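Q: One file is attached below, target-v5.csv, containing CSV, C-alpha atoms (C1' of nucleotides).
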```
chain,number,residue,atom,x,y,z
A,1,MET,CA,-26.5,-130.2,-258.5
A,2,ALA,CA,-26.1,-133.8,-257.3
A,3,ARG,CA,-24.2,-133.0,-254.2
A,4,ASN,CA,-22.9,-136.3,-252.9
A,5,ARG,CA,-19.5,-135.2,-251.7
A,6,PRO,CA,-17.1,-136.7,-251.2
A,7,TYR,CA,-17.5,-138.3,-254.6
A,8,THR,CA,-17.4,-142.1,-254.7
A,9,CYS,CA,-16.3,-142.2,-258.3
A,10,GLY,CA,-15.3,-139.8,-261.1
A,11,LEU,CA,-18.7,-140.3,-262.6
A,12,ASP,CA,-20.4,-138.5,-259.7
A,13,ALA,CA,-18.1,-135.5,-260.1
A,14,ALA,CA,-18.7,-135.4,-263.8
A,15,ILE,CA,-22.5,-135.6,-263.5
A,16,ASP,CA,-22.3,-132.9,-260.9
A,17,VAL,CA,-20.8,-130.6,-263.5
A,18,VAL,CA,-22.9,-131.5,-266.5
A,19,GLY,CA,-26.1,-132.7,-264.9
A,20,GLY,CA,-27.9,-129.3,-264.9
A,21,LYS,CA,-31.0,-129.3,-267.0
A,22,TRP,CA,-29.6,-127.4,-269.9
A,23,LYS,CA,-25.9,-127.8,-269.6
A,24,ALA,CA,-25.5,-130.7,-271.9
A,25,THR,CA,-27.4,-129.0,-274.6
A,26,VAL,CA,-25.4,-125.8,-274.2
A,27,LEU,CA,-22.1,-127.5,-274.3
A,28,TRP,CA,-23.2,-129.5,-277.3
A,29,THR,CA,-24.4,-126.4,-279.1
A,30,LEU,CA,-21.3,-124.4,-278.4
A,31,GLU,CA,-19.1,-127.2,-279.6
A,32,ASP,CA,-21.2,-127.9,-282.7
A,33,GLN,CA,-21.8,-124.2,-283.8
A,34,GLY,CA,-18.6,-122.4,-282.7
A,35,PRO,CA,-18.8,-119.2,-280.6
A,36,LEU,CA,-22.2,-117.8,-280.3
A,37,ARG,CA,-23.6,-114.6,-278.8
A,38,PHE,CA,-26.3,-114.8,-276.2
A,39,GLY,CA,-29.3,-114.3,-278.5
A,40,GLU,CA,-28.1,-116.8,-281.0
A,41,LEU,CA,-27.4,-119.4,-278.3
A,42,ARG,CA,-30.9,-118.8,-276.9
A,43,ARG,CA,-32.5,-119.4,-280.3
A,44,ARG,CA,-30.6,-122.7,-280.7
A,45,VAL,CA,-31.6,-124.1,-277.3
A,46,PRO,CA,-35.4,-124.4,-277.8
A,47,GLY,CA,-37.5,-124.0,-274.7
A,48,VAL,CA,-34.9,-122.4,-272.5
A,49,THR,CA,-35.7,-119.2,-270.7
A,50,GLU,CA,-33.3,-116.3,-270.4
A,51,LYS,CA,-32.9,-116.8,-266.7
A,52,MET,CA,-32.1,-120.4,-267.0
A,53,LEU,CA,-29.7,-119.9,-269.9
A,54,ILE,CA,-27.8,-117.2,-268.1
A,55,GLN,CA,-27.7,-119.3,-264.9
A,56,GLN,CA,-26.4,-122.4,-266.6
A,57,LEU,CA,-23.8,-120.3,-268.5
A,58,ARG,CA,-22.6,-118.6,-265.4
A,59,GLU,CA,-22.1,-122.0,-263.7
A,60,LEU,CA,-20.3,-123.4,-266.7
A,61,GLU,CA,-18.1,-120.3,-266.7
A,62,ALA,CA,-17.4,-120.7,-263.0
A,63,ASP,CA,-16.4,-124.3,-263.7
A,64,GLY,CA,-14.0,-123.0,-266.4
A,65,LEU,CA,-15.7,-124.8,-269.2
A,66,VAL,CA,-17.1,-121.8,-271.0
A,67,HIS,CA,-15.5,-118.5,-271.9
A,68,ARG,CA,-17.5,-115.3,-271.9
A,69,GLU,CA,-16.1,-112.5,-274.1
A,70,ILE,CA,-17.6,-109.0,-273.7
A,71,PHE,CA,-17.5,-106.6,-276.6
A,72,HIS,CA,-18.0,-103.0,-275.4
A,73,GLN,CA,-20.4,-101.8,-278.1
A,74,VAL,CA,-23.8,-100.4,-278.6
A,75,PRO,CA,-25.8,-102.4,-278.7
A,76,PRO,CA,-24.0,-104.8,-276.3
A,77,LYS,CA,-22.5,-108.0,-277.6
A,78,VAL,CA,-21.3,-111.0,-275.6
A,79,GLU,CA,-19.9,-114.1,-277.1
A,80,TYR,CA,-19.8,-117.5,-275.5
A,81,SER,CA,-17.4,-120.3,-276.5
A,82,LEU,CA,-15.9,-123.5,-275.1
A,83,THR,CA,-12.5,-123.3,-273.3
A,84,ASP,CA,-9.8,-125.9,-273.9
A,85,TYR,CA,-10.9,-127.5,-270.7
A,86,GLY,CA,-14.5,-127.4,-271.9
A,87,ARG,CA,-13.5,-129.1,-275.1
A,88,THR,CA,-11.9,-132.0,-273.1
A,89,LEU,CA,-15.3,-132.5,-271.4
A,90,GLU,CA,-17.1,-132.4,-274.7
A,91,VAL,CA,-14.8,-135.1,-276.0
A,92,ALA,CA,-15.5,-137.2,-272.9
A,93,LEU,CA,-19.2,-136.7,-273.4
A,94,ARG,CA,-19.3,-137.8,-277.0
A,95,PRO,CA,-19.7,-141.5,-276.4
A,96,LEU,CA,-22.5,-140.8,-274.1
A,97,GLY,CA,-24.2,-138.5,-276.6
A,98,ASP,CA,-23.8,-141.3,-279.3
A,99,TRP,CA,-25.3,-143.8,-276.9
A,100,GLY,CA,-28.3,-141.5,-276.3
A,101,HIS,CA,-28.7,-140.9,-280.0
A,102,ALA,CA,-28.6,-144.6,-280.8
A,103,ASN,CA,-31.1,-145.5,-278.0
A,104,MET,CA,-33.3,-142.4,-278.2
A,105,ALA,CA,-36.4,-144.3,-279.3
A,106,ARG,CA,-36.1,-146.7,-276.4
A,107,ILE,CA,-35.4,-143.9,-273.9
A,108,GLU,CA,-38.4,-141.9,-275.1
A,109,ALA,CA,-40.6,-145.0,-274.8
A,110,THR,CA,-39.8,-145.9,-271.2
A,111,HIS,CA,-39.7,-142.3,-270.0
A,112,PRO,CA,-43.1,-140.9,-268.9
B,1,MET,CA,-35.5,-136.0,-264.5
B,2,ALA,CA,-34.4,-133.3,-266.9
B,3,ARG,CA,-37.5,-133.4,-269.0
B,4,ASN,CA,-36.8,-131.3,-272.1
B,5,ARG,CA,-38.5,-133.4,-274.6
B,6,PRO,CA,-38.3,-133.6,-277.5
B,7,TYR,CA,-34.6,-134.1,-277.0
B,8,THR,CA,-32.4,-131.7,-279.0
B,9,CYS,CA,-29.4,-134.1,-278.9
B,10,GLY,CA,-28.5,-137.6,-277.7
B,11,LEU,CA,-26.8,-136.1,-274.7
B,12,ASP,CA,-30.1,-134.8,-273.4
B,13,ALA,CA,-31.6,-138.2,-273.6
B,14,ALA,CA,-28.6,-139.9,-271.9
B,15,ILE,CA,-28.5,-137.4,-269.1
B,16,ASP,CA,-32.2,-137.9,-268.6
B,17,VAL,CA,-31.5,-141.6,-268.0
B,18,VAL,CA,-28.4,-141.3,-265.9
B,19,GLY,CA,-28.8,-137.9,-264.3
B,20,GLY,CA,-30.5,-139.1,-261.2
B,21,LYS,CA,-28.6,-138.3,-258.0
B,22,TRP,CA,-27.4,-141.8,-257.3
B,23,LYS,CA,-27.7,-143.6,-260.7
B,24,ALA,CA,-24.2,-143.0,-261.9
B,25,THR,CA,-22.8,-144.4,-258.6
B,26,VAL,CA,-25.2,-147.4,-258.7
B,27,LEU,CA,-24.3,-148.3,-262.3
B,28,TRP,CA,-20.6,-147.9,-261.6
B,29,THR,CA,-20.8,-150.0,-258.5
B,30,LEU,CA,-22.8,-152.8,-260.2
B,31,GLU,CA,-20.3,-152.8,-263.1
B,32,ASP,CA,-17.3,-152.7,-260.7
B,33,GLN,CA,-18.4,-155.3,-258.2
B,34,GLY,CA,-20.5,-157.8,-260.1
B,35,PRO,CA,-24.1,-158.7,-259.0
B,36,LEU,CA,-24.9,-157.5,-255.5
B,37,ARG,CA,-27.9,-158.0,-253.2
B,38,PHE,CA,-29.7,-155.0,-251.9
B,39,GLY,CA,-27.9,-154.7,-248.5
B,40,GLU,CA,-24.5,-155.0,-250.1
B,41,LEU,CA,-25.3,-152.4,-252.7
B,42,ARG,CA,-26.5,-150.1,-250.0
B,43,ARG,CA,-23.3,-150.4,-248.0
B,44,ARG,CA,-21.3,-149.7,-251.1
B,45,VAL,CA,-23.1,-146.5,-251.9
B,46,PRO,CA,-22.3,-144.4,-248.9
B,47,GLY,CA,-25.0,-141.9,-247.8
B,48,VAL,CA,-27.8,-143.2,-249.9
B,49,THR,CA,-31.1,-143.9,-248.1
B,50,GLU,CA,-33.1,-147.0,-248.6
B,51,LYS,CA,-35.9,-145.1,-250.2
B,52,MET,CA,-33.7,-143.4,-252.7
B,53,LEU,CA,-31.7,-146.6,-253.5
B,54,ILE,CA,-34.9,-148.5,-254.2
B,55,GLN,CA,-36.3,-145.7,-256.3
B,56,GLN,CA,-33.2,-145.3,-258.4
B,57,LEU,CA,-33.0,-149.1,-258.9
B,58,ARG,CA,-36.6,-149.2,-260.0
B,59,GLU,CA,-36.1,-146.5,-262.5
B,60,LEU,CA,-32.9,-148.2,-263.8
B,61,GLU,CA,-34.9,-151.4,-264.0
B,62,ALA,CA,-37.7,-149.8,-265.9
B,63,ASP,CA,-35.2,-148.4,-268.3
B,64,GLY,CA,-33.9,-151.9,-268.9
B,65,LEU,CA,-30.4,-151.2,-267.5
B,66,VAL,CA,-30.6,-153.2,-264.3
B,67,HIS,CA,-31.8,-156.7,-263.8
B,68,ARG,CA,-33.6,-157.6,-260.5
B,69,GLU,CA,-33.4,-161.3,-259.5
B,70,ILE,CA,-35.6,-162.5,-256.7
B,71,PHE,CA,-34.6,-165.6,-254.7
B,72,HIS,CA,-37.6,-167.0,-252.8
B,73,GLN,CA,-35.9,-167.7,-249.6
B,74,VAL,CA,-36.2,-166.9,-245.9
B,75,PRO,CA,-34.7,-164.5,-245.3
B,76,PRO,CA,-35.5,-162.9,-248.6
B,77,LYS,CA,-32.7,-162.3,-251.1
B,78,VAL,CA,-32.7,-160.0,-254.1
B,79,GLU,CA,-29.8,-159.6,-256.4
B,80,TYR,CA,-29.1,-156.7,-258.8
B,81,SER,CA,-26.9,-156.8,-261.8
B,82,LEU,CA,-26.4,-154.9,-265.1
B,83,THR,CA,-28.2,-156.1,-268.2
B,84,ASP,CA,-26.4,-156.2,-271.5
B,85,TYR,CA,-28.0,-152.9,-272.4
B,86,GLY,CA,-26.8,-151.5,-269.1
B,87,ARG,CA,-23.3,-152.6,-269.9
B,88,THR,CA,-23.4,-150.7,-273.2
B,89,LEU,CA,-24.3,-147.6,-271.2
B,90,GLU,CA,-21.5,-148.3,-268.7
B,91,VAL,CA,-19.1,-148.4,-271.6
B,92,ALA,CA,-20.3,-145.1,-273.0
B,93,LEU,CA,-20.0,-143.6,-269.5
B,94,ARG,CA,-16.4,-144.7,-269.0
B,95,PRO,CA,-14.7,-141.7,-270.7
B,96,LEU,CA,-16.9,-139.3,-268.6
B,97,GLY,CA,-15.9,-141.2,-265.5
B,98,ASP,CA,-12.3,-141.0,-266.4
B,99,TRP,CA,-12.7,-137.2,-267.1
B,100,GLY,CA,-14.3,-136.7,-263.7
B,101,HIS,CA,-11.6,-138.7,-262.0
B,102,ALA,CA,-8.8,-136.8,-263.7
B,103,ASN,CA,-10.4,-133.4,-262.9
B,104,MET,CA,-11.9,-134.2,-259.5
B,105,ALA,CA,-9.7,-131.8,-257.5
B,106,ARG,CA,-10.7,-129.0,-259.9
B,107,ILE,CA,-14.3,-129.9,-259.7
B,108,GLU,CA,-14.3,-130.1,-255.9
B,109,ALA,CA,-12.6,-126.7,-255.8
B,110,THR,CA,-15.1,-124.8,-257.9
B,111,HIS,CA,-18.2,-126.5,-256.5
B,112,PRO,CA,-19.6,-124.9,-253.4
C,1,DC,C1',-33.5,-158.8,-245.4
C,2,DA,C1',-35.8,-156.1,-248.5
C,3,DG,C1',-38.9,-153.3,-249.0
C,4,DC,C1',-43.5,-149.8,-248.8
C,5,DA,C1',-46.0,-145.6,-246.9
C,6,DT,C1',-46.0,-140.8,-245.2
C,7,DC,C1',-44.8,-136.4,-244.3
C,8,DC,C1',-42.0,-132.5,-245.2
C,9,DT,C1',-38.4,-129.4,-247.1
C,10,DC,C1',-35.9,-127.0,-250.2
C,11,DA,C1',-33.6,-125.7,-254.5
C,12,DC,C1',-34.8,-126.1,-259.2
C,13,DC,C1',-37.1,-124.1,-262.5
C,14,DG,C1',-40.7,-121.1,-264.9
C,15,DA,C1',-43.2,-116.7,-265.6
C,16,DT,C1',-43.1,-112.0,-265.5
C,17,DA,C1',-41.5,-107.4,-265.2
C,18,DC,C1',-37.7,-104.1,-265.3
C,19,DT,C1',-32.7,-102.1,-266.7
C,20,DG,C1',-27.9,-100.5,-268.6
D,1,DC,C1',-29.0,-106.8,-276.9
D,2,DA,C1',-28.0,-108.8,-272.8
D,3,DG,C1',-28.9,-109.1,-268.9
D,4,DT,C1',-31.1,-108.5,-263.4
D,5,DA,C1',-34.9,-108.9,-259.8
D,6,DT,C1',-38.6,-111.2,-257.7
D,7,DC,C1',-42.4,-114.4,-256.9
D,8,DG,C1',-44.2,-118.7,-256.6
D,9,DG,C1',-45.1,-123.9,-258.0
D,10,DT,C1',-43.4,-128.4,-258.2
D,11,DG,C1',-41.2,-132.4,-257.5
D,12,DA,C1',-36.8,-134.6,-256.3
D,13,DG,C1',-34.9,-136.0,-252.4
D,14,DG,C1',-34.6,-136.9,-247.1
D,15,DA,C1',-36.4,-138.6,-242.4
D,16,DT,C1',-39.0,-141.7,-240.0
D,17,DG,C1',-41.8,-145.6,-239.0
D,18,DC,C1',-44.0,-150.0,-240.4
D,19,DT,C1',-44.4,-154.8,-242.9
D,20,DG,C1',-43.9,-159.6,-245.4
```
Kindly present the structure from the file in structure tokens form.
A:
Amino acid sequence: MARNRPYTCGLDAAIDVVGGKWKATVLWTLEDQGPLRFGELRRRVPGVTEKMLIQQLRELEADGLVHREIFHQVPPKVEYSLTDYGRTLEVALRPLGDWGHANMARIEATHP
Amino acid sequence: MARNRPYTCGLDAAIDVVGGKWKATVLWTLEDQGPLRFGELRRRVPGVTEKMLIQQLRELEADGLVHREIFHQVPPKVEYSLTDYGRTLEVALRPLGDWGHANMARIEATHP
DNA sequence: CAGCATCCTCACCGATACTG
DNA sequence: CAGTATCGGTGAGGATGCTG
């Protein structure tokens, strides 16, 4: 998304990966609630549309952060989970998540 | 930017604050190189336009993360620095920055 | 030097409808 | 159930020019 290459610091690169509108929530949900199939994930990310969820998942998958497992059944079943690489990102994200949690009231106040 | 209120996790809120295209770089630069005046900051954030730098700075200031000190001189001088609150965010961002730094090659590879 | 004011573009995202 | 396809609005972001 951000697209200021070459990156001037690691932060740019990281934000580029996780800055999508729903990516943070998706990563957090997958970490928090284990592997989930598409419909379950959709229900746990309130407000997201099918199109956006799929798009964000595909990008996360292309970045190697999310694993997509297809079960050839009827009806179809696809399960999403974090990869090891994705888990390293989740760990790196945790302090930021804590910060946001701790300052949420302030953030909501100053943000239109 | 992200605008999925109410936030489902602290991460959403944090990304909302720091997800702007140049905000991460600005915060990182201000932390790394002490207080800077506008022109200096501009030179240290390659590729940013005046308009965008000002806009991002104003938002960071409104969020209480950046302090703007005006020196009434001719020629004018304005100095930007992190607030204490801003420094807490910088600390929370450090692991993410390290992650991005460590995986930069991989990120650049998979990102169009 | 440090900004503000405009105009404009494009990709981000939402809504809707259809399919294997 | 888990997608794909298409259309269109909107606003972030860029280019340019002017000012205190």
Q: I'd like the interatomic distance between CA of His101 in chain B and CA of Ala92 in chain A, to a tenth of an Å.
A: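 Calculated distance between CA of His101 in chain B and CA of Ala92 in chain A is 11.7 Å.
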Q: What are the closest atom pairs, with distances in Å to one decimal, for each residue of chain D lying within 9 Å of range 1-17 of chain C, using all atoms listed in the file, rows by chain and rising residue number, as a tab-separated table?
A:
```
residue	atom	partner	partner_atom	distance
D:DA5	C1'	C:DA17	C1'	8.7
D:DT6	C1'	C:DA17	C1'	8.9
D:DC7	C1'	C:DT16	C1'	9.0
D:DG9	C1'	C:DG14	C1'	8.6
D:DT10	C1'	C:DC13	C1'	8.8
D:DG14	C1'	C:DT9	C1'	8.4
D:DA15	C1'	C:DC8	C1'	8.7
D:DT16	C1'	C:DT6	C1'	8.8
D:DG17	C1'	C:DT6	C1'	8.9
D:DC18	C1'	C:DA5	C1'	8.1
D:DT19	C1'	C:DC4	C1'	7.8
D:DG20	C1'	C:DG3	C1'	8.8
```
Q: Find the residues in chain B near chain D: any atom within 12 Å counts, using all atoms listed in the file. Write them as a PyMOL selection string.
A: chain B and resi 1-2+19-22+47-53+55-56+74-76
Q: So how many Å separate CA of Glu59 in chain A and CA of Trp99 in chain A, to one decimal?
A: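 A separation of 25.7 Å between them.
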Q: To one decimal in Å, tell me the separation between CA of Glu79 in chain A and CA of Pro95 in chain B.
A: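 Separating CA of Glu79 in chain A from CA of Pro95 in chain B is a distance of 28.8 Å.
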Q: So which residues are close to (-15.9, -138.0, -263.0), meaning at most 7 Å away in the file's coordinates with only C-alpha atoms (C1' of nucleotides) counted, and can you show them as a PDB file with C-alpha atoms, in the frame of the given file?
A:
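Just written: selection.pdb:
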```pdb
ATOM      1  CA  CYS A   9     -16.300-142.200-258.300  1.00  0.00           C
ATOM      2  CA  GLY A  10     -15.300-139.800-261.100  1.00  0.00           C
ATOM      3  CA  LEU A  11     -18.700-140.300-262.600  1.00  0.00           C
ATOM      4  CA  ASP A  12     -20.400-138.500-259.700  1.00  0.00           C
ATOM      5  CA  ALA A  13     -18.100-135.500-260.100  1.00  0.00           C
ATOM      6  CA  ALA A  14     -18.700-135.400-263.800  1.00  0.00           C
TER       7      ALA A  14
ATOM      8  CA  LEU B  96     -16.900-139.300-268.600  1.00  0.00           C
ATOM      9  CA  GLY B  97     -15.900-141.200-265.500  1.00  0.00           C
ATOM     10  CA  ASP B  98     -12.300-141.000-266.400  1.00  0.00           C
ATOM     11  CA  TRP B  99     -12.700-137.200-267.100  1.00  0.00           C
ATOM     12  CA  GLY B 100     -14.300-136.700-263.700  1.00  0.00           C
ATOM     13  CA  HIS B 101     -11.600-138.700-262.000  1.00  0.00           C
ATOM     14  CA  MET B 104     -11.900-134.200-259.500  1.00  0.00           C
TER      15      MET B 104
END
```
Q: Name the closest residue to chain C among the candidates B:Leu82, B:Ala105, B:Ile54, B:Leu60; distances are taken between atoms, counting all atoms listed in the file.
A: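 Among B:Leu82, B:Ala105, B:Ile54, B:Leu60, it is B:Ile54 that comes nearest to chain C.
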Q: Could you list, as a compact mmCIF listing (two decimals) with C-alpha atoms, keeping the file's coordinate frame, every residue within 8 Å of Gly86 in chain A, counting all atoms listed in the file and ignoring same-chain residues fewer than 6 positions away?
A:
```
# COMPACT_ATOMS: atom_id res chain seq x y z
CA LEU A 27 -22.10 -127.50 -274.30
CA GLY A 64 -14.00 -123.00 -266.40
CA LEU A 65 -15.70 -124.80 -269.20
CA VAL A 66 -17.10 -121.80 -271.00
```
Q: Would you mind telling me which residue in B:Arg44, B:Arg87, B:Arg106, B:Arg37 lies nearest to chain C when using only C-alpha atoms (C1' of nucleotides)?
A: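 Closest residue, counting only C-alpha atoms (C1' of nucleotides): B:Arg37.
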Q: Which residue is closest to Tyr7 in chain A? Choose from B:Gly39, B:Arg68, B:Val45, B:Leu30 and count all atoms listed in the file.
A: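 Smallest distance to Tyr7 in chain A is found for B:Val45.
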Q: Nearest to chain A: which of B:Thr8, B:Thr83, B:Gln73, B:Gln33 is it, counting all atoms listed in the file?
A: B:Thr8
Q: Of the residues B:Glu40, B:Glu31, B:Glu108, B:Asp84, which is the one nearest to chain C, using only C-alpha atoms (C1' of nucleotides)?
A: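 Looking only at the distances to chain C, the closest residue turns out to be B:Glu40.
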Q: Have a look at B:Asp63, B:Pro46, B:Ala24, B:Gly34 and name the one nearest to Pro112 in chain A; count all atoms listed in the file.
A: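 Nearest candidate to Pro112 in chain A out of B:Asp63, B:Pro46, B:Ala24, B:Gly34: B:Asp63.
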